[in-house]
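**Student:** Okay, here's the structure, questions in a sec.
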Amino acid sequence: MTPRDMASTHAAAFAQSRPWTVQEFSDLLSNRFTHHVGNADSFALFQVIAQEAELLTIATHPTSQRQGLARQRMSDWHSVARDLGATRAILDVASDNLPAIALYEHCGYRPCGLRKGYYLLENNKKTDAVVMECSLT
Ligand SMILES: CC(C)(COP(=O)(O)OP(=O)(O)OC[C@H]1O[C@@H](n2cnc3c(N)ncnc32)[C@H](O)[C@@H]1OP(=O)(O)O)[C@@H](O)C(=O)NCCC(=O)NCCS
């Protein structure tokens, strides 16, 4: 999967917020701690540093949503992270992103923190990020 594929799926899925550019995906993938699973229908991008794994983004193309793909991607990236030695997974999600929060709860994540005004929206308003964690052991 190329940075261009990722940017295309990401832009389609995140229609309400600023999509990440091809260059941003390319830069992230050039970092040796960054990995990905999936394909143009649904992918997850994550980092593993020592025993901690962090989900950077996950997106399912709107034409492929509600078919269990993101749940599968979560399982896939957890498996790779575990193989790389991670024992804990974390992520952050906008507090109003109810589909994603439902997905993460479904996958065993629980809230462990709140970042006030973390995300800047296109209308210059800010929204909170909920930090969630899950054991990989
Ligand atoms: C969040 C997202 C990745 C889910 O992808 P998906 O492939 O449709 O998810 P799945 O089909 O695997 O759904 C798994 C579970 O997540 C929850 N879920 C997913 N979409 C949901 C929705 N629109 N509303 C409520 N719950 C939802 C449900 O619990 C679902 O299980 P169920 O179908 O048995 O009820 C997708 O909606 C997306 O790409 N959104 C835009 C990008 C985004 O917000 N990414 C997360 C940023 S932190």
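The chains in the structure tokens are called A, B, ... from first to last as shown; in each chain the residues are counted from 1, and the ligands are counted from 1 in the order shown.
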With 9 Å as the cut-off and only C-alpha atoms and all ligand atoms counted, what is the closest atom pair between each nearby residue of chain A and ligand 1? Distances in Å to one decimal, ordered by chain and number, as a tab-separated table.

**Tutor:**
residue	atom	partner	partner_atom_place_in_ligand_line	distance
A:Thr9	CA	ligand 1	39 (O)	8.4
A:His10	CA	ligand 1	42 (C)	7.1
A:Ala11	CA	ligand 1	42 (C)	8.9
A:Ala12	CA	ligand 1	41 (C)	8.2
A:Ala13	CA	ligand 1	41 (C)	4.5
A:Phe14	CA	ligand 1	41 (C)	5.0
A:Ala15	CA	ligand 1	41 (C)	7.8
A:Gln16	CA	ligand 1	41 (C)	8.9
A:Asp41	CA	ligand 1	7 (O)	8.5
A:Ser42	CA	ligand 1	7 (O)	6.6
A:Phe43	CA	ligand 1	3 (C)	8.5
A:Ala44	CA	ligand 1	3 (C)	8.7
A:Leu55	CA	ligand 1	48 (S)	8.2
A:Leu56	CA	ligand 1	48 (S)	7.8
A:Thr57	CA	ligand 1	47 (C)	5.7
A:Ile58	CA	ligand 1	45 (N)	4.9
A:Ala59	CA	ligand 1	39 (O)	3.5
A:Thr60	CA	ligand 1	39 (O)	3.8
A:His61	CA	ligand 1	39 (O)	6.0
A:Pro62	CA	ligand 1	39 (O)	6.9
A:Ser64	CA	ligand 1	7 (O)	6.6
A:Gln65	CA	ligand 1	8 (O)	3.3
A:Arg66	CA	ligand 1	11 (O)	3.2
A:Gln67	CA	ligand 1	11 (O)	4.2
A:Gly68	CA	ligand 1	12 (O)	3.2
A:Leu69	CA	ligand 1	7 (O)	4.1
A:Ala70	CA	ligand 1	12 (O)	3.7
A:Arg71	CA	ligand 1	12 (O)	3.8
A:Gln72	CA	ligand 1	12 (O)	6.5
A:Arg73	CA	ligand 1	12 (O)	7.9
A:Met74	CA	ligand 1	12 (O)	8.5
A:Leu91	CA	ligand 1	48 (S)	7.4
A:Asp92	CA	ligand 1	48 (S)	6.2
A:Val93	CA	ligand 1	48 (S)	4.2
A:Ala94	CA	ligand 1	48 (S)	6.6
A:Asn97	CA	ligand 1	44 (O)	6.2
A:Leu98	CA	ligand 1	25 (C)	6.3
A:Pro99	CA	ligand 1	21 (C)	3.8
A:Ala100	CA	ligand 1	1 (C)	3.9
A:Ile101	CA	ligand 1	17 (C)	7.4
A:Ala102	CA	ligand 1	17 (C)	4.6
A:Leu103	CA	ligand 1	16 (O)	3.3
A:Tyr104	CA	ligand 1	16 (O)	7.1
A:Glu105	CA	ligand 1	29 (O)	7.6
A:His106	CA	ligand 1	29 (O)	5.7
A:Cys107	CA	ligand 1	15 (C)	8.3

**Student:** Can you list, as an MDAnalysis selection string, every protein, DNA or RNA residue that comes within 12 Å of Lys126 of chain A when you count only C-alpha atoms, leaving out same-chain residues fewer than 6 positions away?

**Tutor:** chainID A and resid 17 94:96 115:120

**Student:** Between A:Arg18, A:Arg4, A:His78, A:Arg110, which one has atoms that come closest to Val131 of chain A, using only C-alpha atoms?

**Tutor:** A:Arg110

**Student:** Can you measure atom CA of Val80 of chain A to atom CA of Gln51 of chain A for me? One decimal in Å is fine.

**Tutor:**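 Answer for the atom CA of Val80 of chain A to atom CA of Gln51 of chain A separation: 12.4 Å.
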
**Student:** As an MDAnalysis selection string, list the residues of segment 5-135 of chain A assigned to alpha helix (DSSP H) by DSSP on the backbone atoms of this structure.

**Tutor:** chainID A and resid 5:13 22:29 69:83 98:106

**Student:** Hey, can you spit out that residue selection with N, CA and C atoms as a compact mmCIF listing (two decimals), in the first residue's frame?

**Tutor:**
# COMPACT_ATOMS: atom_id res chain seq x y z
N ASP A 5 -2.16 5.72 -1.87
CA ASP A 5 -3.36 4.93 -1.53
C ASP A 5 -3.91 5.35 -0.17
N MET A 6 -2.99 5.52 0.78
CA MET A 6 -3.42 5.88 2.14
C MET A 6 -4.09 7.26 2.15
N ALA A 7 -3.46 8.22 1.47
CA ALA A 7 -4.02 9.57 1.45
C ALA A 7 -5.40 9.58 0.80
N SER A 8 -5.58 8.76 -0.22
CA SER A 8 -6.86 8.72 -0.93
C SER A 8 -7.97 8.15 -0.03
N THR A 9 -7.69 7.02 0.63
CA THR A 9 -8.69 6.43 1.53
C THR A 9 -8.95 7.34 2.72
N HIS A 10 -7.87 7.93 3.24
CA HIS A 10 -8.00 8.82 4.40
C HIS A 10 -8.88 10.02 4.06
N ALA A 11 -8.68 10.61 2.87
CA ALA A 11 -9.46 11.79 2.47
C ALA A 11 -10.94 11.43 2.32
N ALA A 12 -11.22 10.24 1.78
CA ALA A 12 -12.61 9.81 1.61
C ALA A 12 -13.27 9.56 2.96
N ALA A 13 -12.52 8.95 3.89
CA ALA A 13 -13.10 8.60 5.19
C ALA A 13 -13.25 9.82 6.09
N VAL A 22 -0.23 13.10 0.94
CA VAL A 22 0.68 12.03 0.51
C VAL A 22 2.04 12.22 1.19
N GLN A 23 2.50 13.47 1.24
CA GLN A 23 3.82 13.74 1.85
C GLN A 23 3.83 13.38 3.34
N GLU A 24 2.73 13.67 4.03
CA GLU A 24 2.67 13.33 5.46
C GLU A 24 2.74 11.82 5.66
N PHE A 25 1.99 11.07 4.83
CA PHE A 25 2.05 9.61 4.95
C PHE A 25 3.45 9.11 4.60
N SER A 26 4.04 9.70 3.58
CA SER A 26 5.37 9.30 3.16
C SER A 26 6.38 9.54 4.28
N ASP A 27 6.30 10.68 4.92
CA ASP A 27 7.22 11.01 6.02
C ASP A 27 7.04 10.02 7.18
N LEU A 28 5.78 9.75 7.51
CA LEU A 28 5.52 8.83 8.63
C LEU A 28 6.07 7.43 8.33
N LEU A 29 5.89 6.98 7.08
CA LEU A 29 6.32 5.63 6.71
C LEU A 29 7.84 5.51 6.63
N LEU A 69 -14.39 -4.41 8.59
CA LEU A 69 -13.00 -4.26 8.15
C LEU A 69 -12.12 -3.59 9.20
N ALA A 70 -12.62 -2.53 9.83
CA ALA A 70 -11.80 -1.85 10.84
C ALA A 70 -11.54 -2.76 12.04
N ARG A 71 -12.54 -3.52 12.42
CA ARG A 71 -12.33 -4.46 13.53
C ARG A 71 -11.20 -5.44 13.15
N GLN A 72 -11.19 -5.91 11.90
CA GLN A 72 -10.14 -6.82 11.45
C GLN A 72 -8.78 -6.12 11.45
N ARG A 73 -8.77 -4.84 11.00
CA ARG A 73 -7.50 -4.10 10.98
C ARG A 73 -6.97 -3.92 12.40
N MET A 74 -7.87 -3.67 13.37
CA MET A 74 -7.43 -3.52 14.76
C MET A 74 -6.76 -4.81 15.23
N SER A 75 -7.39 -5.93 14.91
CA SER A 75 -6.82 -7.21 15.29
C SER A 75 -5.46 -7.43 14.60
N ASP A 76 -5.39 -7.05 13.32
CA ASP A 76 -4.15 -7.23 12.55
C ASP A 76 -3.00 -6.40 13.16
N TRP A 77 -3.30 -5.13 13.48
CA TRP A 77 -2.17 -4.30 13.95
C TRP A 77 -1.78 -4.68 15.36
N HIS A 78 -2.73 -5.10 16.17
CA HIS A 78 -2.38 -5.59 17.51
C HIS A 78 -1.44 -6.78 17.41
N SER A 79 -1.72 -7.65 16.45
CA SER A 79 -0.92 -8.84 16.29
C SER A 79 0.53 -8.49 15.88
N VAL A 80 0.68 -7.56 14.93
CA VAL A 80 2.02 -7.13 14.52
C VAL A 80 2.73 -6.46 15.69
N ALA A 81 2.01 -5.59 16.42
CA ALA A 81 2.62 -4.87 17.54
C ALA A 81 3.09 -5.85 18.63
N ARG A 82 2.27 -6.85 18.89
CA ARG A 82 2.64 -7.88 19.87
C ARG A 82 3.92 -8.59 19.43
N ASP A 83 3.97 -8.95 18.13
CA ASP A 83 5.16 -9.63 17.61
C ASP A 83 6.41 -8.77 17.74
N LEU A 98 -18.15 9.27 17.65
CA LEU A 98 -18.81 8.13 18.30
C LEU A 98 -18.60 6.80 17.58
N PRO A 99 -18.60 6.76 16.21
CA PRO A 99 -18.32 5.47 15.55
C PRO A 99 -16.95 4.91 15.94
N ALA A 100 -15.92 5.77 15.95
CA ALA A 100 -14.57 5.29 16.28
C ALA A 100 -14.50 4.86 17.75
N ILE A 101 -15.12 5.64 18.64
CA ILE A 101 -15.10 5.26 20.06
C ILE A 101 -15.79 3.90 20.25
N ALA A 102 -16.91 3.70 19.52
CA ALA A 102 -17.61 2.40 19.62
C ALA A 102 -16.70 1.27 19.12
N LEU A 103 -15.98 1.54 18.02
CA LEU A 103 -15.05 0.53 17.49
C LEU A 103 -14.00 0.18 18.54
N TYR A 104 -13.39 1.21 19.15
CA TYR A 104 -12.30 0.96 20.09
C TYR A 104 -12.81 0.24 21.35
N GLU A 105 -13.99 0.64 21.82
CA GLU A 105 -14.54 -0.06 22.99
C GLU A 105 -14.79 -1.52 22.64
N HIS A 106 -15.30 -1.73 21.44
CA HIS A 106 -15.56 -3.08 20.93
C HIS A 106 -14.27 -3.92 20.95

**Student:** Could you list, with a cut-off of 6 Å and counting only C-alpha atoms, the residues of segment 9-117 of chain A near segment 133-136 of chain A, each shown with its nearest atom pair and the distance in Å rounded to one decimal, rows sorted by chain and ascending number, as a tab-separated table?

**Tutor:**
residue	atom	partner	partner_atom	distance
A:Thr87	CA	A:Leu136	CA	4.7
A:Arg88	CA	A:Ser135	CA	4.6
A:Ala89	CA	A:Cys134	CA	5.2
A:Ile90	CA	A:Glu133	CA	4.3
A:Tyr109	CA	A:Cys134	CA	4.7
A:Arg110	CA	A:Glu133	CA	5.6
